[in-house]
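Trainee: Sending over a structure as structure tokens; questions will come in a sec.
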Amino acid sequence: MTGGVASSLGKGIISASIGKLLQARGYSVTIQKLDPYLNVDPGTLNPYEHGECYVTGDGAETDLDLGHYERFLNIQTSQENNVTTGRIYKSVIEKERKGDYLGKTVQIIPHITDEIKRRIKILGNKGDFDFVITEIGGTVGDIESLPYIESVRQLKWEMEGRCLYVHLTLVPYLSASGELKTKPTQHSVKQLLEAGIQPDILVLRTEHSLSHDLKKKVGLFCNVDINAVIESKDVSTIYEVPLLMQEEKLDEIILKKYKLEIGEMPSLKPWKSFLKKLKNPKQTVTIGLIGKYVELPDAYKSIIESFIHAGSEKECLVDLKLIHSESIEKDNYTTLLKNLNGILVAPGFGHRGIDGKLLAAQYARENNVPFLGICLGMQIAVIEFARNVLHMKDANSREIHSTTTHPVIDIMEEQKGVTEKGGTMRLGEYPCTLEKDTKIHSIYKSEKINERHRHRYEFNNEYLDVFHKNGMLTSGINPDTELVEIIELSNHRWFIGVQFHPEYKSTVLNPHPLFVNFVQAAIDFKHA
Ligand code: GLN
């Protein structure tokens, strides 16, 4: 899957939709993203650069498109599903240093391209999948993506008919003349042809329906069969795209090209019922998401999507208000937060915006407003409780104030000697044991859960007793390390903080119970 004309056309969503449709026909599918930048992984990227860093179960810090793959396909992705140019070069250079190339000159072709091909084939070689969809990030024509384009050109020859190219472009609408324009698509395909790639299927993003004649013209100039020129019209939710692609018979065209039997069109019943509930909400709740990257909602992609899943489950429109933590101050916080039916304090790093987050947690605690704190959000709830209930005036996290007299959140033992930044946090899935007769136990309805992590700091267990005595329970604990995974307030209608990231595990077909229950708590609070 390549993209042309413009970035952000939704290659990830089209890939996920193709995956969904093939999966619905009984095939096992996984999706991989190749990112053409030099960071080894997006873990070191500021969210302003590239949106949220998604974390897989096996602890890879990845591009946010992997979140879409998991949410659409209800599958788990892994380290192998996201590869960057940085990682490719790193492994080639490491091999060179070990002497693996036996005196040869190490070059982009064949060494970098061979490494790219190896990474593309890893998932297929495992034998678990009928289809591997490989999405090449960026836009065709970028200098950075050339080695990837060359690699997939070679792969088609090597794989003898078991490989096809889908190219996504934009057909812009010129409102002044009222016309849809195909030239950018023609140019983009020409660029692919120069690199030796003839797209098999073209998906055209458009604001308006494409006429038969327009498709015919695109097909003619791009050497693509008109049936394989697919329209992808703008829709109100990304979750409609698989249905749209099914109407366009994109999956049938793919199967036909692979000479596979087409069979019956899958009904996609559970997906349709999710969409129906999503589009016909019976009520609305307003939830505040307090974070410091709210100018760029992609920074909170998985949280936003989790609320969409939970909202559909509860047939409730979640009106998510993104509130900048730096805008929350002592003299405005009660007015700013008063119309919310629930408050979520977001994950994050560093001290910027901390005071506003503390005020939001305090407001939720004191006014019995449903509260969910995720990762840093949970740590904030602990600090706020220590300061305002336990009267530890300078209580803090060592991340924010390293010499505080009350480090209620402290650096994890295993993190103390860590100086390298990339991939060194506590990452991925860890088990957690839930205390019986707690709110969290009633939500998960299970004693053992597994959730994904991304942090360096933790609840300081030296303070356990004083927190417990004053009403903050630690209701989820890592059974191996005693690390506090969950806190909750006993005398509050719904106040929960989690050290892990539930948002990474919510999918369309399995909305996360914590989000579903939080939305229900917001509904109840609204009517209380
Ligand atoms: N900065 C905090 C830590 O490292 C929280 C991280 C997060 O919210 N993901 O522990």
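Residues in the structure tokens are numbered from 1 in each chain, the chains being A, B, ... in the order shown, and ligands are numbered from 1 in the order shown.
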So that I can check the surroundings of segment 453-464 of chain A, please list as a PyMOL selection string every protein, DNA and RNA residue that reaches within 6 Å of it, counting only C-alpha atoms and ignoring chain neighbours fewer than 2 positions away.
Mentor: chain A and resi 408-412+425-428+466-467+484+500-501
Trainee: Give me a file of those residues, with N, CA, C and O atoms, as a tab-separated table (two decimals), in the first residue's frame.
Mentor:
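Below is the file again.tsv, written as the result:
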```tsv
chain	number	residue	atom	x	y	z
A	408	VAL	N	5.83	10.60	46.54
A	408	VAL	CA	4.78	9.57	46.53
A	408	VAL	C	4.80	8.80	45.21
A	408	VAL	O	4.33	7.66	45.13
A	409	ILE	N	5.35	9.42	44.17
A	409	ILE	CA	5.61	8.71	42.91
A	409	ILE	C	7.13	8.76	42.73
A	409	ILE	O	7.73	9.84	42.72
A	410	ASP	N	7.72	7.60	42.60
A	410	ASP	CA	9.19	7.54	42.55
A	410	ASP	C	9.64	6.76	41.31
A	410	ASP	O	8.86	6.00	40.73
A	411	ILE	N	10.91	6.94	40.99
A	411	ILE	CA	11.44	6.21	39.83
A	411	ILE	C	11.48	4.71	40.17
A	411	ILE	O	11.78	4.33	41.31
A	412	MET	N	11.19	3.86	39.21
A	412	MET	CA	11.24	2.42	39.45
A	412	MET	C	12.69	2.00	39.65
A	412	MET	O	13.57	2.53	38.97
A	425	MET	N	11.79	2.29	28.59
A	425	MET	CA	10.79	2.38	29.66
A	425	MET	C	10.27	0.99	30.01
A	425	MET	O	10.63	0.01	29.37
A	426	ARG	N	9.40	0.91	31.02
A	426	ARG	CA	8.70	-0.35	31.27
A	426	ARG	C	7.59	-0.40	30.22
A	426	ARG	O	6.63	0.36	30.28
A	427	LEU	N	7.78	-1.31	29.26
A	427	LEU	CA	6.93	-1.30	28.08
A	427	LEU	C	6.17	-2.61	27.89
A	427	LEU	O	6.72	-3.69	28.17
A	428	GLY	N	4.97	-2.51	27.40
A	428	GLY	CA	4.24	-3.70	26.98
A	428	GLY	C	3.39	-4.29	28.09
A	428	GLY	O	3.16	-3.68	29.14
A	466	VAL	N	-0.57	4.86	54.77
A	466	VAL	CA	-1.26	6.13	55.01
A	466	VAL	C	-2.31	6.41	53.93
A	466	VAL	O	-3.37	6.95	54.21
A	467	PHE	N	-2.05	5.97	52.72
A	467	PHE	CA	-3.07	6.13	51.66
A	467	PHE	C	-4.28	5.25	51.97
A	467	PHE	O	-5.42	5.70	51.90
A	484	VAL	N	2.16	-0.91	42.18
A	484	VAL	CA	0.74	-0.53	42.21
A	484	VAL	C	0.29	-0.18	40.80
A	484	VAL	O	0.83	0.71	40.17
A	500	PHE	N	-1.38	1.64	33.86
A	500	PHE	CA	-1.27	1.11	32.48
A	500	PHE	C	-2.14	1.93	31.53
A	500	PHE	O	-2.80	2.89	31.94
A	501	HIS	N	-2.14	1.51	30.27
A	501	HIS	CA	-2.90	2.21	29.22
A	501	HIS	C	-4.02	1.32	28.68
A	501	HIS	O	-3.78	0.59	27.70
```
Trainee: Excluding Leu73 of chain A and its own-chain neighbours fewer than 2 positions away, which residues fall within 7 Å of it when counting only C-alpha atoms? Please give them as a ChimeraX atom specification.
Mentor: /A:19-20,69-71,75
Trainee: Generate a file of the selected residues that holds C-alpha atoms, formatted as a CSV table (one decimal), in the first residue's frame.
Mentor:
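So again_0.csv came out as:
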```csv
chain,number,residue,atom,x,y,z
A,19,GLY,CA,-7.6,-6.4,6.3
A,20,LYS,CA,-11.1,-6.4,7.8
A,69,TYR,CA,-4.9,-2.2,12.6
A,70,GLU,CA,-5.6,-3.7,16.1
A,71,ARG,CA,-8.9,-1.8,16.5
A,75,ILE,CA,-5.7,-8.7,16.5
```
Trainee: Can you pull out every residue from segment 183-277 of chain A that DSSP, working from the backbone, puts in helix (DSSP H, G or I), and format the result as a compact mmCIF listing (two decimals) with N, CA and C atoms, in the first residue's frame?
Mentor:
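As a result, part12.txt now contains:
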```
# COMPACT_ATOMS: atom_id res chain seq x y z
N LYS A 183 -5.40 14.81 -12.73
CA LYS A 183 -3.99 14.95 -13.10
C LYS A 183 -3.02 14.58 -11.97
N PRO A 184 -3.28 15.05 -10.73
CA PRO A 184 -2.33 14.66 -9.67
C PRO A 184 -2.18 13.14 -9.56
N THR A 185 -3.28 12.41 -9.73
CA THR A 185 -3.22 10.95 -9.67
C THR A 185 -2.36 10.42 -10.82
N GLN A 186 -2.58 10.98 -12.00
CA GLN A 186 -1.78 10.52 -13.16
C GLN A 186 -0.29 10.74 -12.90
N HIS A 187 0.02 11.92 -12.34
CA HIS A 187 1.43 12.22 -12.07
C HIS A 187 2.01 11.28 -11.02
N SER A 188 1.21 11.01 -10.02
CA SER A 188 1.69 10.16 -8.94
C SER A 188 1.94 8.73 -9.45
N VAL A 189 1.04 8.25 -10.31
CA VAL A 189 1.24 6.91 -10.88
C VAL A 189 2.47 6.91 -11.80
N LYS A 190 2.64 8.02 -12.51
CA LYS A 190 3.81 8.12 -13.39
C LYS A 190 5.10 7.99 -12.57
N GLN A 191 5.08 8.61 -11.41
CA GLN A 191 6.24 8.54 -10.53
C GLN A 191 6.50 7.09 -10.09
N LEU A 192 5.41 6.37 -9.80
CA LEU A 192 5.55 4.96 -9.43
C LEU A 192 6.10 4.16 -10.61
N LEU A 193 5.59 4.47 -11.81
CA LEU A 193 6.03 3.74 -13.01
C LEU A 193 7.52 3.96 -13.26
N GLU A 194 7.97 5.19 -12.99
CA GLU A 194 9.40 5.48 -13.15
C GLU A 194 10.23 4.58 -12.24
N HIS A 212 -18.38 7.33 -13.93
CA HIS A 212 -17.81 6.20 -14.66
C HIS A 212 -16.72 6.70 -15.62
N ASP A 213 -17.02 7.82 -16.27
CA ASP A 213 -16.07 8.38 -17.24
C ASP A 213 -14.76 8.78 -16.59
N LEU A 214 -14.87 9.37 -15.41
CA LEU A 214 -13.65 9.79 -14.72
C LEU A 214 -12.79 8.57 -14.35
N LYS A 215 -13.47 7.53 -13.84
CA LYS A 215 -12.73 6.30 -13.49
C LYS A 215 -12.07 5.70 -14.73
N LYS A 216 -12.83 5.75 -15.82
CA LYS A 216 -12.31 5.19 -17.07
C LYS A 216 -11.06 5.94 -17.51
N LYS A 217 -11.13 7.26 -17.37
CA LYS A 217 -9.99 8.09 -17.76
C LYS A 217 -8.77 7.76 -16.89
N VAL A 218 -8.98 7.67 -15.58
CA VAL A 218 -7.87 7.35 -14.68
C VAL A 218 -7.29 5.98 -15.04
N GLY A 219 -8.20 5.03 -15.28
CA GLY A 219 -7.75 3.68 -15.64
C GLY A 219 -6.90 3.70 -16.90
N LEU A 220 -7.39 4.43 -17.90
CA LEU A 220 -6.71 4.48 -19.20
C LEU A 220 -5.30 5.08 -19.06
N PHE A 221 -5.22 6.19 -18.34
CA PHE A 221 -3.92 6.86 -18.24
C PHE A 221 -2.97 6.19 -17.25
N CYS A 222 -3.52 5.37 -16.40
CA CYS A 222 -2.66 4.73 -15.38
C CYS A 222 -2.50 3.22 -15.62
N ILE A 226 -10.56 -0.65 -15.15
CA ILE A 226 -11.53 0.28 -14.54
C ILE A 226 -12.17 -0.31 -13.26
N ASN A 227 -12.37 -1.63 -13.24
CA ASN A 227 -12.94 -2.24 -12.03
C ASN A 227 -12.03 -2.12 -10.83
N ALA A 228 -10.75 -1.89 -11.12
CA ALA A 228 -9.79 -1.78 -10.01
C ALA A 228 -9.48 -0.31 -9.68
N ILE A 238 -14.38 6.90 10.44
CA ILE A 238 -13.46 5.96 9.80
C ILE A 238 -14.02 4.53 9.81
N TYR A 239 -14.91 4.26 10.75
CA TYR A 239 -15.43 2.89 10.87
C TYR A 239 -16.41 2.54 9.75
N GLU A 240 -16.78 3.55 8.93
CA GLU A 240 -17.64 3.26 7.79
C GLU A 240 -16.83 2.78 6.59
N VAL A 241 -15.54 3.05 6.62
CA VAL A 241 -14.71 2.78 5.44
C VAL A 241 -14.74 1.30 5.01
N PRO A 242 -14.68 0.33 5.93
CA PRO A 242 -14.74 -1.06 5.45
C PRO A 242 -16.02 -1.36 4.68
N LEU A 243 -17.14 -0.78 5.11
CA LEU A 243 -18.40 -1.03 4.41
C LEU A 243 -18.38 -0.39 3.02
N LEU A 244 -17.82 0.81 2.99
CA LEU A 244 -17.68 1.52 1.73
C LEU A 244 -16.81 0.72 0.75
N MET A 245 -15.72 0.18 1.27
CA MET A 245 -14.80 -0.59 0.41
C MET A 245 -15.46 -1.90 -0.02
N GLN A 246 -16.31 -2.43 0.85
CA GLN A 246 -17.04 -3.65 0.46
C GLN A 246 -18.00 -3.33 -0.68
N GLU A 247 -18.71 -2.20 -0.58
CA GLU A 247 -19.61 -1.79 -1.68
C GLU A 247 -18.84 -1.63 -2.98
N LEU A 250 -13.72 -3.93 -3.24
CA LEU A 250 -12.27 -3.92 -3.19
C LEU A 250 -11.72 -5.31 -2.82
N ASP A 251 -12.38 -5.97 -1.88
CA ASP A 251 -11.89 -7.30 -1.48
C ASP A 251 -12.04 -8.31 -2.61
N GLU A 252 -13.17 -8.21 -3.35
CA GLU A 252 -13.38 -9.15 -4.48
C GLU A 252 -12.29 -8.97 -5.54
N ILE A 253 -11.96 -7.69 -5.80
CA ILE A 253 -10.94 -7.41 -6.82
C ILE A 253 -9.60 -8.01 -6.38
N ILE A 254 -9.29 -7.86 -5.11
CA ILE A 254 -8.02 -8.41 -4.61
C ILE A 254 -8.01 -9.94 -4.78
N LEU A 255 -9.11 -10.58 -4.37
CA LEU A 255 -9.16 -12.04 -4.47
C LEU A 255 -9.06 -12.49 -5.93
N LYS A 256 -9.75 -11.77 -6.79
CA LYS A 256 -9.72 -12.10 -8.21
C LYS A 256 -8.29 -12.01 -8.74
N LYS A 257 -7.60 -10.95 -8.35
CA LYS A 257 -6.22 -10.78 -8.84
C LYS A 257 -5.30 -11.88 -8.33
N LYS A 269 -22.00 -8.42 10.22
CA LYS A 269 -23.11 -8.09 11.13
C LYS A 269 -22.65 -7.35 12.40
N PRO A 270 -21.67 -7.90 13.15
CA PRO A 270 -21.28 -7.20 14.39
C PRO A 270 -20.75 -5.79 14.10
N TRP A 271 -20.04 -5.66 12.98
CA TRP A 271 -19.50 -4.34 12.61
C TRP A 271 -20.65 -3.36 12.33
N LYS A 272 -21.64 -3.87 11.59
CA LYS A 272 -22.77 -3.00 11.24
C LYS A 272 -23.56 -2.61 12.48
N SER A 273 -23.67 -3.55 13.41
CA SER A 273 -24.44 -3.22 14.61
C SER A 273 -23.68 -2.20 15.46
N PHE A 274 -22.34 -2.30 15.48
CA PHE A 274 -21.53 -1.28 16.16
C PHE A 274 -21.80 0.09 15.54
N LEU A 275 -21.80 0.14 14.21
CA LEU A 275 -21.98 1.41 13.50
C LEU A 275 -23.38 1.99 13.72
N LYS A 276 -24.36 1.10 13.73
CA LYS A 276 -25.74 1.55 13.90
C LYS A 276 -25.90 2.22 15.27
N LYS A 277 -25.30 1.58 16.29
CA LYS A 277 -25.41 2.15 17.64
C LYS A 277 -24.62 3.45 17.72
```
Trainee: Find the residues around Lys314 of chain A up to 12 Å (only C-alpha atoms counted), leave out those fewer than 4 positions away in its own chain, and share them as an MDAnalysis selection string.
Mentor: chainID A and resid 274 276:285 307:310 318 511:513 515:524
Trainee: Find the residues near Ala299 of chain A: any atom within 6 Å, counting only C-alpha atoms, skip ones fewer than 6 places away on the same chain, and give them as a list in words.
Mentor: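 Selected residues are Pro47, Gly51 and Glu52 of chain A.
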Trainee: Please save C-alpha atoms of the selected residues as an mmCIF file, in the first residue's frame.
Mentor:
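Saved result, selection_33.cif, follows:
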```cif
data_model
loop_
_atom_site.group_PDB
_atom_site.id
_atom_site.type_symbol
_atom_site.label_atom_id
_atom_site.label_comp_id
_atom_site.auth_asym_id
_atom_site.auth_seq_id
_atom_site.Cartn_x
_atom_site.Cartn_y
_atom_site.Cartn_z
ATOM 1 C CA PRO A 47 3.594 13.743 20.085
ATOM 2 C CA GLY A 51 0.820 11.954 17.190
ATOM 3 C CA GLU A 52 0.466 9.241 19.789
#
```
